[in-house]
Amino acid sequence: MDRPTIHRLDEATVAQIAAGEVITRPARVVAELVDNALDAGAGRIEVTVEDDGTDRIRVADDGCGLSRIDAERAVERHATSKLPAETGADPTGVSTLGFRGEALAAIADCATLELVTNDGEAVGTELRVDDGVTVSNAGRAQGTTVTVTDLFADRPARRESLAGEAAEFGRISELLARYALARPEVRFSLSHNGNETFTTSGNGLRDALLGVYDAGTASRSTVIHHETTVDNDELSIAGVCCYPSVTRSTRDHVRVSVGGRPVTDTGLRRAVVSGYGSLILGGKYPIAAIDIEPPAGTVDPNVHPAKEEVGLTVREEIEAAVERAVSEALTTADIRRTDTAATDLDTELAAVDRSDPFGEVRVIGPFRDLYLLCEDGDELLVVDQHAAHERINYERLRAAVDDEGVSTAPLDPPETISVAPAAAAAAERHGELLSDLGFEIEPFGGGTLRVSGLPAPLGRVADTDSLVETLDQLAAGHQPDDQRNELLADLACHPSLKAGDRLTRSEAEQLLDRLGECEQPFACPHGRPTVCSLDESTLAAGFERGSTRFR
């Protein structure tokens with residue numbers, strides 16, 4: 001107790017801590033600069049990235065720009081135009097995106113920052129922050145360009161902790177995709193190492209969806225415009241949602257924003273998925289982008305250091321309204337499915353050393369073109385066609401990978417597909433794994449991939465949708481330790497029988513034969529059962545019979 005153990009940190013250390021809270025990786029630099037550009041009223045935002053973003057990031061906009069005195073003040077800590085100047089200003093009701101007044105200062109503390117801006121005057125301002133601040137005249141049209149170089153140069157541990165070029169650029173790509181869908185009236189472009197990876201036109205939601213995905217995805221979508229009343233005030237919901245026939249294997253493609261601010265909100269995302277109801281099977285998720293404009297005073301944006309979450313005082317009412325808006329939009333849209341089923345069951349699997357559990361089973365017939373009713377002694381068996389075929393295809397695919405790799409069917413001519421930026425980055429990062437799975441792909445500029453070969457171990461050639469789903473799994477990073485088996489399970493799902501595919505008796509018998517050859521015939525690779533049984537005594541009890549024989 002001779003001296004105090006708690007002491008005040010010096011200003012330099014405080015600045016470093018604050019910078020570390022705001023700027024955690026290159027994507028956060030882009031987020032802060034895009035926030036500022038949108039707050040400045042920009043109609044066009046151009047983002048340029050070199051390598052993983054630590055070498056150079058450049059964000060240019062056509063917003064209102066800054067005067068010289070505001071430019072000098074903007075790089076100071078806790079200096080902002082987005083909160084009132086009076087003492088006790090409350091950030092809860094702030095409507096701007098970047099509002100804490102620490103973004104540029106935090107960036108400058110861990111990188112070299114150059115800002116060129118003009119607020120419409122004859123001469124603009126160039127400001128450079130690197131071991132001090134230098135200010136000079138500059139020629140530039142109205143707007144602002146911020147260039148950040150040598151990010152984390154004096155923080156080697158932080159730099160070494162980054163995930164690699166493809167992964168870090170993938171985060172930037174996904175971030176800009178979220179902004180493009182949240183602010184469809186703004187033109188966005190993203191370039192990486194001199195190549196433009198995607199661009200949007202600023203002409204609305206469907207065009208934004210086209211820029212982030214592709215023409216096929218954008219054409220199978222419907223726009224949402226929904227207004228209701230919450231707490232006697234207006235709640236507006238706008239967005240775009242794809243038809244249930246356009247799905248992905250992760251929920252990462254369900255994007256939400258509040259007041260044009262992209263956020264990570266589990267409740268709102270769940271409400272969007274719930275709006276699809278039973279239109280989407282379990283394990284699949286839609287592509288959707290929803291923006292919520294809540295009543296004034298019901299949002300607290302100041303609940304997360306990176307501004308990725310918001311507080312909602314009327315959350316239950318807002319989530320219910322989102323679910324209803326999505327459901328109503330889909331009710332009026334043409335959401336008919338056009339999937340083609342795979343029914344090849346001729347090719348036998350490698351034999352396993354045990355008896356066939358379906359050797360004595362007799363096929364009775366189909367039920368709703370989804371289930372097979374079969375007789376097995378005193379039991380009635382109900383076989384899920386899709387789950388059974390999925391198990392067969394999974395084991396066939398796994399065997400092909402284990403023995404000699406997946407056979408590949410060449411595409412002549414090759415096809416080109418457009419994928420989300422994060423998926424394109426995943427294709428580059430996991431090229432060897434994709435090759436092992438039977439995909440032959442190469443970058444074709446922007447978010448386009450050239451596909452010259454597809455897996456063909458399943459009785460027929462898989463199509464490009466299976467590649468998109470595989471890339472989404474890789475981009476999401478949700479795979480278990482045995483990444484390959486998880487991807488094989490997803491790949492096996494695509495060419496399997498679908499609801500509505502009618503089997504002849506011969507095909508149904510072949511399905512049971514192939515299922516009996518599987519090592520684990522009673523569950524699909526995702527864990528759902530393939531067969532349910534109902535014994536004779538259960539039927540007898542249901543019909544109030546002591547026995548079904550001679551009665």
# chains A, B, ... in the order shown; residues from 1 in each chain; ligands from 1
>>> residues_around(residues="Val240 in chain A", least_positions_apart="4", cutoff="8 Å", atoms="only C-alpha atoms", output="list in words")
Leu205, Arg206, Ser221, Thr222, Val223, Ile224, Ala288, Ala289 and Ile290 of chain A
>>> residues_around(residues="Leu235 in chain A", least_positions_apart="2", cutoff="8 Å", atoms="only C-alpha atoms", output="JSON list (two decimals) with C-alpha atoms, in the first residue's frame")
[["chain", "number", "residue", "atom", "x", "y", "z"],
["A", 227, "GLU", "CA", -45.01, 0.16, -44.47],
["A", 228, "THR", "CA", -46.73, -0.34, -41.15],
["A", 229, "THR", "CA", -47.17, 1.36, -37.78],
["A", 230, "VAL", "CA", -45.22, 0.53, -34.64],
["A", 233, "ASP", "CA", -45.11, 5.73, -35.64],
["A", 237, "ILE", "CA", -39.19, -2.00, -44.83],
["A", 292, "ILE", "CA", -35.44, -1.39, -42.01],
["A", 293, "GLU", "CA", -36.27, 2.25, -41.28],
["A", 294, "PRO", "CA", -37.59, 2.12, -37.69],
["A", 295, "PRO", "CA", -39.55, 4.87, -35.99],
["A", 318, "ILE", "CA", -40.00, -4.93, -35.97]]
>>> select_by_dssp(residues="range 350-545 of chain A", states="alpha helix (DSSP H)", output="mmCIF file with C-alpha atoms, in the first residue's frame")
data_model
loop_
_atom_site.group_PDB
_atom_site.id
_atom_site.type_symbol
_atom_site.label_atom_id
_atom_site.label_comp_id
_atom_site.auth_asym_id
_atom_site.auth_seq_id
_atom_site.Cartn_x
_atom_site.Cartn_y
_atom_site.Cartn_z
ATOM 1 C CA GLN A 385 -36.377 -40.854 -51.766
ATOM 2 C CA HIS A 386 -34.177 -37.761 -51.514
ATOM 3 C CA ALA A 387 -32.453 -38.761 -48.274
ATOM 4 C CA ALA A 388 -31.824 -42.281 -49.574
ATOM 5 C CA HIS A 389 -30.421 -41.103 -52.901
ATOM 6 C CA GLU A 390 -28.298 -38.506 -51.113
ATOM 7 C CA ARG A 391 -26.728 -41.240 -48.935
ATOM 8 C CA ILE A 392 -25.990 -43.329 -52.056
ATOM 9 C CA ASN A 393 -24.395 -40.410 -53.879
ATOM 10 C CA TYR A 394 -22.379 -39.370 -50.842
ATOM 11 C CA GLU A 395 -20.819 -42.800 -50.384
ATOM 12 C CA ARG A 396 -20.156 -43.103 -54.110
ATOM 13 C CA LEU A 397 -18.492 -39.672 -54.131
ATOM 14 C CA ARG A 398 -16.489 -40.360 -50.978
ATOM 15 C CA ALA A 399 -15.210 -43.625 -52.433
ATOM 16 C CA ALA A 400 -14.152 -41.868 -55.613
ATOM 17 C CA VAL A 401 -12.226 -39.250 -53.647
ATOM 18 C CA ASP A 402 -10.540 -41.845 -51.429
ATOM 19 C CA ASP A 403 -9.514 -44.087 -54.324
ATOM 20 C CA GLU A 404 -8.407 -41.793 -57.094
ATOM 21 C CA PRO A 421 -16.907 -11.495 -54.174
ATOM 22 C CA ALA A 422 -16.368 -13.620 -51.076
ATOM 23 C CA ALA A 423 -17.029 -16.778 -53.106
ATOM 24 C CA ALA A 424 -14.530 -15.669 -55.760
ATOM 25 C CA ALA A 425 -11.926 -15.172 -53.051
ATOM 26 C CA ALA A 426 -12.735 -18.645 -51.671
ATOM 27 C CA ALA A 427 -12.204 -20.153 -55.136
ATOM 28 C CA GLU A 428 -8.715 -18.692 -55.207
ATOM 29 C CA ARG A 429 -7.920 -19.669 -51.620
ATOM 30 C CA GLY A 431 -8.082 -24.140 -55.443
ATOM 31 C CA GLU A 432 -6.436 -27.452 -54.512
ATOM 32 C CA LEU A 433 -9.444 -28.705 -52.545
ATOM 33 C CA LEU A 434 -11.825 -27.763 -55.364
ATOM 34 C CA SER A 435 -9.633 -29.612 -57.824
ATOM 35 C CA ASP A 436 -9.755 -32.714 -55.585
ATOM 36 C CA THR A 464 -22.650 -25.234 -61.791
ATOM 37 C CA ASP A 465 -25.102 -24.739 -58.916
ATOM 38 C CA SER A 466 -23.133 -27.335 -56.966
ATOM 39 C CA LEU A 467 -20.003 -25.209 -57.455
ATOM 40 C CA VAL A 468 -21.783 -22.103 -56.143
ATOM 41 C CA GLU A 469 -22.948 -23.965 -53.028
ATOM 42 C CA THR A 470 -19.483 -25.380 -52.413
ATOM 43 C CA LEU A 471 -17.894 -21.929 -52.715
ATOM 44 C CA ASP A 472 -20.447 -20.497 -50.285
ATOM 45 C CA GLN A 473 -19.516 -23.148 -47.731
ATOM 46 C CA LEU A 474 -15.840 -22.340 -48.132
ATOM 47 C CA ALA A 475 -16.402 -18.569 -47.992
ATOM 48 C CA ALA A 476 -18.484 -18.873 -44.817
ATOM 49 C CA GLN A 483 -13.844 -30.021 -44.342
ATOM 50 C CA ARG A 484 -13.879 -32.400 -47.270
ATOM 51 C CA ASN A 485 -16.632 -34.662 -45.930
ATOM 52 C CA GLU A 486 -18.864 -31.683 -45.233
ATOM 53 C CA LEU A 487 -18.385 -30.447 -48.780
ATOM 54 C CA LEU A 488 -18.934 -33.921 -50.196
ATOM 55 C CA ALA A 489 -22.251 -34.105 -48.332
ATOM 56 C CA ASP A 490 -23.384 -30.828 -49.887
ATOM 57 C CA LEU A 491 -22.176 -31.898 -53.310
ATOM 58 C CA ALA A 492 -24.068 -35.213 -53.005
ATOM 59 C CA CYS A 493 -27.301 -33.371 -52.250
ATOM 60 C CA ARG A 505 -41.153 -49.696 -59.820
ATOM 61 C CA SER A 506 -37.867 -50.748 -61.389
ATOM 62 C CA GLU A 507 -36.182 -47.475 -60.378
ATOM 63 C CA ALA A 508 -37.588 -47.759 -56.847
ATOM 64 C CA GLU A 509 -36.174 -51.265 -56.528
ATOM 65 C CA GLN A 510 -32.795 -50.027 -57.803
ATOM 66 C CA LEU A 511 -32.876 -47.243 -55.193
ATOM 67 C CA LEU A 512 -33.322 -49.819 -52.407
ATOM 68 C CA ASP A 513 -30.619 -52.041 -53.896
ATOM 69 C CA ARG A 514 -28.134 -49.162 -53.925
ATOM 70 C CA LEU A 515 -29.183 -48.043 -50.433
ATOM 71 C CA GLY A 516 -28.608 -51.579 -49.146
ATOM 72 C CA GLU A 536 -48.242 -54.446 -37.780
ATOM 73 C CA SER A 537 -49.223 -54.118 -34.104
ATOM 74 C CA THR A 538 -49.321 -50.313 -34.401
ATOM 75 C CA LEU A 539 -51.723 -50.558 -37.337
ATOM 76 C CA ALA A 540 -53.837 -53.104 -35.484
ATOM 77 C CA ALA A 541 -54.102 -50.825 -32.455
ATOM 78 C CA GLY A 542 -55.068 -47.936 -34.666
#
>>> select_by_dssp(residues="range 44-208 of chain A", states="strand (DSSP E or B)", output="ChimeraX atom specification")
/A:44-50,56-61,112-118,124-129,133-138,143-149,187-192,195-199
>>> write_last_selection(atoms="N, CA and C atoms", output="compact mmCIF listing (two decimals), in the first residue's frame")
# COMPACT_ATOMS: atom_id res chain seq x y z
N ARG A 44 -21.29 8.13 -55.81
CA ARG A 44 -20.35 7.16 -56.40
C ARG A 44 -19.20 6.95 -55.42
N ILE A 45 -18.88 5.69 -55.15
CA ILE A 45 -17.79 5.36 -54.24
C ILE A 45 -16.92 4.30 -54.92
N GLU A 46 -15.64 4.60 -55.06
CA GLU A 46 -14.71 3.68 -55.71
C GLU A 46 -13.69 3.21 -54.68
N VAL A 47 -13.57 1.90 -54.51
CA VAL A 47 -12.64 1.31 -53.55
C VAL A 47 -11.59 0.53 -54.33
N THR A 48 -10.33 0.81 -54.02
CA THR A 48 -9.20 0.12 -54.66
C THR A 48 -8.34 -0.49 -53.57
N VAL A 49 -7.99 -1.77 -53.74
CA VAL A 49 -7.22 -2.49 -52.73
C VAL A 49 -6.03 -3.16 -53.40
N GLU A 50 -4.88 -3.09 -52.75
CA GLU A 50 -3.71 -3.82 -53.21
C GLU A 50 -3.40 -4.94 -52.23
N ARG A 56 -1.99 -0.96 -49.47
CA ARG A 56 -2.65 0.26 -49.94
C ARG A 56 -4.15 0.04 -50.07
N ILE A 57 -4.91 0.99 -49.53
CA ILE A 57 -6.36 1.06 -49.71
C ILE A 57 -6.69 2.48 -50.12
N ARG A 58 -7.51 2.61 -51.14
CA ARG A 58 -7.91 3.94 -51.62
C ARG A 58 -9.42 3.98 -51.77
N VAL A 59 -10.05 4.98 -51.17
CA VAL A 59 -11.50 5.16 -51.26
C VAL A 59 -11.77 6.57 -51.77
N ALA A 60 -12.41 6.66 -52.93
CA ALA A 60 -12.70 7.97 -53.54
C ALA A 60 -14.20 8.14 -53.68
N ASP A 61 -14.70 9.36 -53.43
CA ASP A 61 -16.13 9.61 -53.53
C ASP A 61 -16.38 10.97 -54.17
N THR A 112 -0.08 5.19 -42.67
CA THR A 112 0.13 6.50 -43.29
C THR A 112 -1.15 6.87 -44.03
N LEU A 113 -1.66 8.08 -43.76
CA LEU A 113 -2.94 8.51 -44.32
C LEU A 113 -2.74 9.76 -45.16
N GLU A 114 -3.32 9.72 -46.35
CA GLU A 114 -3.31 10.90 -47.24
C GLU A 114 -4.74 11.21 -47.61
N LEU A 115 -5.16 12.45 -47.41
CA LEU A 115 -6.53 12.88 -47.69
C LEU A 115 -6.49 14.04 -48.69
N VAL A 116 -7.17 13.89 -49.80
CA VAL A 116 -7.30 14.95 -50.80
C VAL A 116 -8.78 15.26 -50.93
N THR A 117 -9.16 16.52 -50.72
CA THR A 117 -10.58 16.86 -50.66
C THR A 117 -10.84 18.24 -51.22
N ASN A 118 -12.09 18.45 -51.62
CA ASN A 118 -12.51 19.76 -52.12
C ASN A 118 -14.00 19.89 -51.86
N GLY A 124 -8.43 22.76 -53.80
CA GLY A 124 -8.70 21.77 -52.79
C GLY A 124 -7.58 21.68 -51.77
N THR A 125 -7.64 20.68 -50.91
CA THR A 125 -6.69 20.50 -49.82
C THR A 125 -6.11 19.09 -49.87
N GLU A 126 -4.79 19.00 -49.73
CA GLU A 126 -4.13 17.72 -49.55
C GLU A 126 -3.53 17.69 -48.16
N LEU A 127 -3.85 16.64 -47.42
CA LEU A 127 -3.39 16.53 -46.04
C LEU A 127 -2.74 15.15 -45.87
N ARG A 128 -1.54 15.13 -45.35
CA ARG A 128 -0.81 13.87 -45.14
C ARG A 128 -0.46 13.73 -43.67
N VAL A 129 -0.77 12.57 -43.09
CA VAL A 129 -0.48 12.30 -41.69
C VAL A 129 0.53 11.16 -41.63
N VAL A 133 1.55 16.22 -39.34
CA VAL A 133 0.56 16.56 -40.35
C VAL A 133 1.12 17.63 -41.27
N THR A 134 1.06 17.39 -42.59
CA THR A 134 1.45 18.39 -43.58
C THR A 134 0.24 18.72 -44.44
N VAL A 135 0.07 19.99 -44.76
CA VAL A 135 -1.10 20.46 -45.51
C VAL A 135 -0.61 21.24 -46.72
N SER A 136 -1.23 21.01 -47.88
CA SER A 136 -0.86 21.73 -49.10
C SER A 136 -2.08 21.87 -50.00
N ASN A 137 -1.94 22.69 -51.04
CA ASN A 137 -3.02 22.84 -52.01
C ASN A 137 -3.11 21.60 -52.90
N ALA A 138 -4.31 21.38 -53.44
CA ALA A 138 -4.50 20.22 -54.32
C ALA A 138 -5.56 20.54 -55.35
N GLY A 143 -15.41 16.44 -53.67
CA GLY A 143 -15.42 15.10 -53.12
C GLY A 143 -14.15 14.85 -52.32
N THR A 144 -13.93 13.60 -51.95
CA THR A 144 -12.79 13.26 -51.09
C THR A 144 -12.18 11.94 -51.53
N THR A 145 -10.85 11.90 -51.50
CA THR A 145 -10.11 10.65 -51.73
C THR A 145 -9.20 10.43 -50.53
N VAL A 146 -9.31 9.25 -49.92
CA VAL A 146 -8.45 8.89 -48.80
C VAL A 146 -7.61 7.68 -49.22
N THR A 147 -6.31 7.80 -49.07
CA THR A 147 -5.39 6.71 -49.39
C THR A 147 -4.66 6.30 -48.12
N VAL A 148 -4.72 5.02 -47.81
CA VAL A 148 -4.11 4.48 -46.59
C VAL A 148 -3.03 3.48 -47.01
N THR A 149 -1.81 3.70 -46.57
CA THR A 149 -0.70 2.80 -46.91
C THR A 149 0.02 2.35 -45.64
N ARG A 187 -23.58 4.20 -56.58
CA ARG A 187 -22.74 3.39 -57.46
C ARG A 187 -21.47 2.99 -56.71
N PHE A 188 -21.25 1.70 -56.61
CA PHE A 188 -20.05 1.18 -55.95
C PHE A 188 -19.18 0.45 -56.97
N SER A 189 -17.88 0.54 -56.76
CA SER A 189 -16.96 -0.29 -57.54
C SER A 189 -15.83 -0.74 -56.62
N LEU A 190 -15.32 -1.95 -56.88
CA LEU A 190 -14.23 -2.51 -56.10
C LEU A 190 -13.20 -3.08 -57.04
N SER A 191 -11.94 -2.69 -56.86
CA SER A 191 -10.84 -3.20 -57.67
C SER A 191 -9.79 -3.81 -56.76
N HIS A 192 -9.18 -4.89 -57.25
CA HIS A 192 -8.14 -5.58 -56.49
C HIS A 192 -6.95 -5.82 -57.39
N ASN A 195 -7.60 -5.10 -61.02
CA ASN A 195 -8.73 -5.75 -61.69
C ASN A 195 -10.03 -5.38 -60.98
N GLU A 196 -11.00 -4.90 -61.74
CA GLU A 196 -12.30 -4.58 -61.16
C GLU A 196 -13.04 -5.87 -60.85
N THR A 197 -13.40 -6.08 -59.58
CA THR A 197 -14.04 -7.33 -59.18
C THR A 197 -15.57 -7.24 -59.20
N PHE A 198 -16.13 -6.08 -58.90
CA PHE A 198 -17.55 -5.91 -59.12
C PHE A 198 -17.90 -4.43 -59.12
N THR A 199 -19.05 -4.14 -59.74
CA THR A 199 -19.52 -2.76 -59.81
C THR A 199 -21.04 -2.77 -59.80
>>> closest_residue(among="A:Arg28, A:Arg270, A:His226, A:Arg68", to="Ile107 in chain A", atoms="only C-alpha atoms")
A:Arg28
>>> closest_residue(among="A:Ala208, A:Pro529, A:Glu317, A:Ser161", to="Val383 in chain A", atoms="only C-alpha atoms")
A:Pro529
>>> atom_distance(atom1="CA of His430 in chain A", atom2="CA of Leu449 in chain A")
13.7 Å
>>> closest_residue(among="A:Ser173, A:Gln520, A:Thr408, A:Asn193", to="Ala456 in chain A", atoms="only C-alpha atoms")
A:Thr408
>>> closest_residue(among="A:Cys64, A:Ala420, A:Val186, A:Val363", to="Leu503 in chain A", atoms="only C-alpha atoms")
A:Val363
